[in-house]
Amino acid sequence: MSRSLKDSSRDGAEREAPVPELPDPLSPDRRSFLMGAAWAVGAAFAPRLALEAMGQTTKPPAPCSEPSAEGACCNDSKCFPTRDKVPDPENLSFWVRYPGKDPVRLEGHYWYNADAAKEGRKFPALVELNPYRRRDGMMLGDSAFYPYFAYHEYLCFRVDLQGSGDSGGILTDEYTEEEVLYCIQVIEQVARHPLCNGKVGMMGKSWSAINSLMVAAHDRCPSELKAVLVICGSDDRYNDDVHYMGGAMMQDNVGWPSSMWGWIAQPPDPEIVGNRWKQMWRERIRNADFWFKHWGSHQTRDSYWSSSSVRDRYDRVKVPVYIVSGYLDGYKNPVVRAVEGLHSAGMAVQGLLGPWGHAKPHAGDPGPRINWLPYLLHHWWDRWLKDADPNPREELPELTVWLGESREPSRSCCTPDRGKWASEDAQWPTRVREKVFYLWPNQSLSPKEPGHPGYLICPGPLVLGTKMLETSSWGQCGNDDLPGDQTEADNQSLHFDSGPLAEDMDCFGYPTVSLNLVCNKPLASVAVRLCEISPYTGASHLVTYSFFNLCYRDGDMAAPRPVSPGVPFHVSFPLNVFGHTFKRGWRVRLSLSPSLFPTLWQSTENPILMVVTGRSPDSPASALSLPGRRPRAQDRRLKKLLPSDPQILCVDSSEYVPTVESRKSRYLCKVKPITRGKKKGVLVRKVTDSGRYCYGGPLRDLWVDQVSQENFRIFHDDPLSMTGLTASRTSMKRAGEGGEWKIKLKTATRVWTEKDSSGKYFFRYTATIKTFIANARGEFEPFEHKTVKGSIPRLWV
């Protein structure tokens, strides 16, 4: 995250290219930066509630009158009253140990039903652990979720992982064995809590979803754990997290460690840890590392990835699993895989794939949403933690999936999708009826195989996929991150179109492309996008996509093999799972390109791909296969269980975290042309202004201000120029009897590629943290400063 772009030439010399300054987080009048994905995991999406801003009082809207993220009720919601029974969460600590290290103190809190506790009743517990700061990062969203379950007599624990929030220790990477063992020890201690009946469920969204699944499959999975809930999590960290889709490196492999660099640099709260906060913060900064160091070093699916991925060991999972995600999220493939894998292993499983992004089913956009909290309570947690017997007539199928229908492309998440819910199960692949479209030399798709081969070139120049700035959506109205019209990128790519469809075509599963290719470079990837073309506007709507590194054409992601330049080869691979109805009159389009900036990290050399249509002596014809689906009788009951316009039950988080706003949180993505000498290029800037908010209640009037930006830049015909640069500033302050506590931190990262004198390629990276503490006069003084630099051989991407 830097305040200037440094251009790296082939010989490693650096030249400055100016980038606008980030606004000072302490200045409430700087409002030109908008909220984006980097900080959205935690507190980025503050509630749009009745707020007081900078001494000005605004008239409160009626309860639940405003749409929001997961922190408040929505227009179609019914607020569930919990405050009369569920008080503010109560703080507590856990001591955990890892072999060879000193004991670590993890800080957490829990919601509970005070009336039931007074009567001496004991409850099952729900546990979630992640590093996103349980108080200023997560309490707002948690207050719209956990009090509902606490009201229904569950203990609901949120715990900061080591080295994050208010917890001690150091966080060295995602999903380490140390982390998982700490999770296990917390579960064991929760089960012994005086209010707990000994039964525990583990759950989470994103990070905590992944470690929940890992604990369930661990050899030391505690006997107290009875079930897990996985929301937007992955069983395959290599392919279906933020790293290497199809073996090709994604932009997120740079963007996400940069986000975590900013998260782990934040201090513990002296309100919780007391005078230890400076010592803890200093230890955290001095031991911080930039995790691209790990992620960039492991470019194949080696043991680093497989050891923390449950994909290939579902037979070791010891408890029932409920796994949920959306088609617009990056974690859709694991839902289908988990249902198949756990069913085959004889373990209870349920899956849900809906029309939203990285969000819970009752709060995700574009929707339609589902009234999920009561279902989750009665049909999942009550079943496994209270031995209840839910009404089978109200039970969702083993795998519930949404089939969206053809629509005009739009960047906005605010308009609900049109479509229908469908009933599936682990046997869904046996019911697929393949719809094959062959690639023809005239760039058409046809059910008929061409009679003779054709030879078509994928354009070599950079393909700008600037209407697809994210690899997945955050699924929140107001954050316009959906793929827009793909026509511009299609025209830069090699694309094949079908004729207008004669009838509607339902699909569910994995589209597969089989290609006969010739490539002129030993390392190359291909971006494949499946789109549909509107008969009304001609616009191109992205249905699904994938990237694929051609070095893995043998099918083993752990054993890459360079492409032999000029030698024809055949490759077949799936796109990401999807559920969709292609409507009559619309056309199917398949687009192929060896680049797609910025979502696909550019190859070290610009490859040229030649697609051979038709059959060859040694391989089948190049084709697209769609997983056709026929209606099932079981689909009909879903119309009643999942109505198209449900009333969504939720909890009003302002009852627990009253919030004052002085600068509204906003989001911005910009694409702009840039020049350097005679070179022309593109800069994509994603800016997060998480706003400036004062959080009351348990946070004791803590002011938090965060602004960050993420930049990806490339110059045409210079693949080594692709660079990722990010920057963030965070400030926190609170007035107290002993004076004002006030801190500020700045972080910066940069990742780029260089070629040395021997012709070898290397990733270079640098990351910096600067922290400041205000003195008695309110003036900031430097506290700790940390810079890390490194070099990684670039071997397979």
# chains A, B, ... in the order shown; residues from 1 in each chain; ligands from 1
>>> select_by_dssp(residues="segment 240-335 of chain A", states="strand (DSSP E or B)", output="list in words")
Tyr244, Met245, Ala248, Met249, Met250, Val321, Tyr322, Ile323, Val324, Ser325 and Gly326 of chain A
>>> residues_around(residues="segment 301-307 of chain A", least_positions_apart="6", cutoff="6 Å", atoms="only C-alpha atoms", output="list in words")
Tyr238, Met557 and Ala558 of chain A
>>> write_last_selection(atoms="N, CA, C and O atoms", output="short mmCIF file (atom, residue, chain, number, x, y, z; two decimals), in the first residue's frame")
data_model
loop_
_atom_site.label_atom_id
_atom_site.label_comp_id
_atom_site.auth_asym_id
_atom_site.auth_seq_id
_atom_site.Cartn_x
_atom_site.Cartn_y
_atom_site.Cartn_z
N TYR A 238 -6.08 -23.90 -2.64
CA TYR A 238 -5.30 -23.57 -3.82
C TYR A 238 -6.20 -23.04 -4.94
O TYR A 238 -5.99 -21.96 -5.46
N MET A 557 -2.59 -30.79 -10.56
CA MET A 557 -2.18 -29.44 -10.18
C MET A 557 -0.89 -29.41 -9.36
O MET A 557 -0.34 -28.35 -9.11
N ALA A 558 -0.43 -30.57 -8.94
CA ALA A 558 0.84 -30.62 -8.21
C ALA A 558 2.02 -30.92 -9.13
O ALA A 558 3.17 -30.90 -8.68
#
>>> residues_around(residues="segment 573-582 of chain A", least_positions_apart="5", cutoff="7 Å", atoms="only C-alpha atoms", output="VMD selection string")
chain A and resid 327 332 to 333 402 to 406 504 to 514 544 to 546
>>> write_last_selection(atoms="C-alpha atoms", output="PDB file, in the first residue's frame")
ATOM      1  CA  TYR A 327     -22.845 -18.188  -7.260  1.00  0.00           C
ATOM      2  CA  LYS A 332     -19.236 -21.699  -4.804  1.00  0.00           C
ATOM      3  CA  ASN A 333     -17.447 -24.847  -5.983  1.00  0.00           C
ATOM      4  CA  TRP A 402     -30.779 -21.374  -7.494  1.00  0.00           C
ATOM      5  CA  LEU A 403     -31.276 -21.284 -11.266  1.00  0.00           C
ATOM      6  CA  GLY A 404     -31.049 -17.675 -12.417  1.00  0.00           C
ATOM      7  CA  GLU A 405     -32.378 -16.792 -15.831  1.00  0.00           C
ATOM      8  CA  SER A 406     -31.069 -14.746 -18.739  1.00  0.00           C
ATOM      9  CA  ASP A 504     -35.367 -22.397 -22.646  1.00  0.00           C
ATOM     10  CA  MET A 505     -32.393 -24.447 -21.436  1.00  0.00           C
ATOM     11  CA  ASP A 506     -31.928 -25.203 -17.707  1.00  0.00           C
ATOM     12  CA  CYS A 507     -28.394 -25.978 -16.564  1.00  0.00           C
ATOM     13  CA  PHE A 508     -26.769 -26.928 -13.294  1.00  0.00           C
ATOM     14  CA  GLY A 509     -23.226 -28.133 -12.698  1.00  0.00           C
ATOM     15  CA  TYR A 510     -19.853 -27.512 -14.290  1.00  0.00           C
ATOM     16  CA  PRO A 511     -19.568 -26.379 -17.915  1.00  0.00           C
ATOM     17  CA  THR A 512     -16.581 -28.049 -19.522  1.00  0.00           C
ATOM     18  CA  VAL A 513     -14.393 -26.812 -22.353  1.00  0.00           C
ATOM     19  CA  SER A 514     -12.339 -29.197 -24.475  1.00  0.00           C
ATOM     20  CA  THR A 544     -19.636 -18.202 -15.317  1.00  0.00           C
ATOM     21  CA  TYR A 545     -15.925 -18.364 -16.037  1.00  0.00           C
ATOM     22  CA  SER A 546     -12.596 -19.844 -15.022  1.00  0.00           C
TER      23      SER A 546
END
>>> atom_distance(atom1="atom CA of Ser444 of chain A", atom2="atom CA of Ser603 of chain A")
28.0 Å
>>> select_by_dssp(residues="segment 525-671 of chain A", states="helix (DSSP H, G or I)", output="list in words")
Leu550, Cys551, Tyr552, Ala633, Gln634, Asp635, Arg636, Arg637, Leu638, Lys639, Lys640, Leu641, Ser653, Ser654 and Glu655 of chain A
>>> write_last_selection(atoms="C-alpha atoms", output="CSV table (one decimal), in the first residue's frame")
chain,number,residue,atom,x,y,z
A,550,LEU,CA,-1.9,-24.8,-19.5
A,551,CYS,CA,1.0,-26.3,-17.7
A,552,TYR,CA,-1.6,-28.4,-15.8
A,633,ALA,CA,-40.9,-33.3,-9.0
A,634,GLN,CA,-39.0,-32.3,-5.9
A,635,ASP,CA,-38.6,-28.8,-7.2
A,636,ARG,CA,-42.3,-27.9,-6.7
A,637,ARG,CA,-42.2,-28.0,-2.9
A,638,LEU,CA,-39.4,-25.3,-2.9
A,639,LYS,CA,-41.9,-22.7,-4.2
A,640,LYS,CA,-43.6,-22.9,-0.9
A,641,LEU,CA,-40.5,-23.3,1.3
A,653,SER,CA,-27.8,-4.3,15.5
A,654,SER,CA,-28.2,-0.7,16.7
A,655,GLU,CA,-29.8,-2.1,19.9
>>> closest_residue(among="A:Asp689, A:Asp490, A:Glu271, A:Glu398", to="Asp166 of chain A", atoms="only C-alpha atoms")
A:Glu271
>>> closest_residue(among="A:Val432, A:Met214, A:Val242, A:Ala727", to="Glu177 of chain A", atoms="only C-alpha atoms")
A:Met214
>>> residues_around(residues="Asn442 of chain A", least_positions_apart="5", cutoff="12 Å", atoms="only C-alpha atoms", output="NGL selection string")
:A and (450 or 452-456 or 494-498 or 612-614)
>>> closest_residue(among="A:Glu153, A:Glu107, A:Asp289, A:Glu90", to="Gly120 of chain A", atoms="only C-alpha atoms")
A:Glu153
>>> residues_around(residues="Ile264 of chain A", least_positions_apart="4", cutoff="12 Å", atoms="only C-alpha atoms", output="PyMOL selection string")
chain A and resi 130-133+137+160-174+257-260+268+280-291+730+745-747+769
>>> write_last_selection(atoms="C-alpha atoms", output="PDB file, in the first residue's frame")
ATOM      1  CA  ASN A 130     -11.199 -15.327  13.046  1.00  0.00           C
ATOM      2  CA  PRO A 131      -8.694 -12.426  12.949  1.00  0.00           C
ATOM      3  CA  TYR A 132     -11.128  -9.696  11.873  1.00  0.00           C
ATOM      4  CA  ARG A 133     -11.317  -7.987  15.290  1.00  0.00           C
ATOM      5  CA  GLY A 137     -14.387  -5.229  13.196  1.00  0.00           C
ATOM      6  CA  ASP A 160     -10.020 -13.233  18.289  1.00  0.00           C
ATOM      7  CA  LEU A 161      -7.389 -15.529  16.809  1.00  0.00           C
ATOM      8  CA  GLN A 162      -3.835 -15.215  18.046  1.00  0.00           C
ATOM      9  CA  GLY A 163      -2.094 -11.993  17.056  1.00  0.00           C
ATOM     10  CA  SER A 164      -5.337 -10.223  16.147  1.00  0.00           C
ATOM     11  CA  GLY A 165      -7.849  -8.000  17.886  1.00  0.00           C
ATOM     12  CA  ASP A 166      -7.234  -8.227  21.611  1.00  0.00           C
ATOM     13  CA  SER A 167      -5.544 -11.641  21.647  1.00  0.00           C
ATOM     14  CA  GLY A 168      -1.898 -12.309  22.377  1.00  0.00           C
ATOM     15  CA  GLY A 169       0.518 -14.261  20.223  1.00  0.00           C
ATOM     16  CA  ILE A 170       1.458 -13.833  16.575  1.00  0.00           C
ATOM     17  CA  LEU A 171      -0.555 -14.658  13.464  1.00  0.00           C
ATOM     18  CA  THR A 172       1.987 -15.964  10.953  1.00  0.00           C
ATOM     19  CA  ASP A 173      -0.302 -17.137   8.141  1.00  0.00           C
ATOM     20  CA  GLU A 174      -3.793 -18.389   7.389  1.00  0.00           C
ATOM     21  CA  PRO A 257      -2.250 -10.441   1.787  1.00  0.00           C
ATOM     22  CA  SER A 258      -2.087  -6.666   1.442  1.00  0.00           C
ATOM     23  CA  SER A 259      -5.451  -6.391   3.191  1.00  0.00           C
ATOM     24  CA  MET A 260      -4.269  -8.712   5.946  1.00  0.00           C
ATOM     25  CA  PRO A 268      -5.423  -4.330  20.834  1.00  0.00           C
ATOM     26  CA  MET A 280       1.281  -6.356  22.614  1.00  0.00           C
ATOM     27  CA  TRP A 281       1.132  -3.932  19.681  1.00  0.00           C
ATOM     28  CA  ARG A 282       4.908  -3.663  19.518  1.00  0.00           C
ATOM     29  CA  GLU A 283       5.272  -7.455  19.476  1.00  0.00           C
ATOM     30  CA  ARG A 284       2.622  -7.688  16.760  1.00  0.00           C
ATOM     31  CA  ILE A 285       4.347  -5.147  14.506  1.00  0.00           C
ATOM     32  CA  ARG A 286       7.855  -6.472  15.020  1.00  0.00           C
ATOM     33  CA  ASN A 287       6.785 -10.008  14.112  1.00  0.00           C
ATOM     34  CA  ALA A 288       4.521  -9.055  11.206  1.00  0.00           C
ATOM     35  CA  ASP A 289       5.197 -10.644   7.830  1.00  0.00           C
ATOM     36  CA  PHE A 290       3.742 -10.117   4.365  1.00  0.00           C
ATOM     37  CA  TRP A 291       1.928 -13.328   3.527  1.00  0.00           C
ATOM     38  CA  THR A 730      -6.450   3.650  10.050  1.00  0.00           C
ATOM     39  CA  LEU A 745      -1.212   3.527  11.387  1.00  0.00           C
ATOM     40  CA  LYS A 746      -0.294   3.481   7.714  1.00  0.00           C
ATOM     41  CA  THR A 747       0.475   0.420   5.629  1.00  0.00           C
ATOM     42  CA  ILE A 769       3.835  -0.551   8.481  1.00  0.00           C
TER      43      ILE A 769
END
>>> residues_around(residues="Gly354 of chain A", least_positions_apart="4", cutoff="12 Å", atoms="only C-alpha atoms", output="number ranges by chain")
A: 231-232, 323-329, 331-332, 335, 358-370, 372, 399-404, 416-422, 475, 577-580, 642
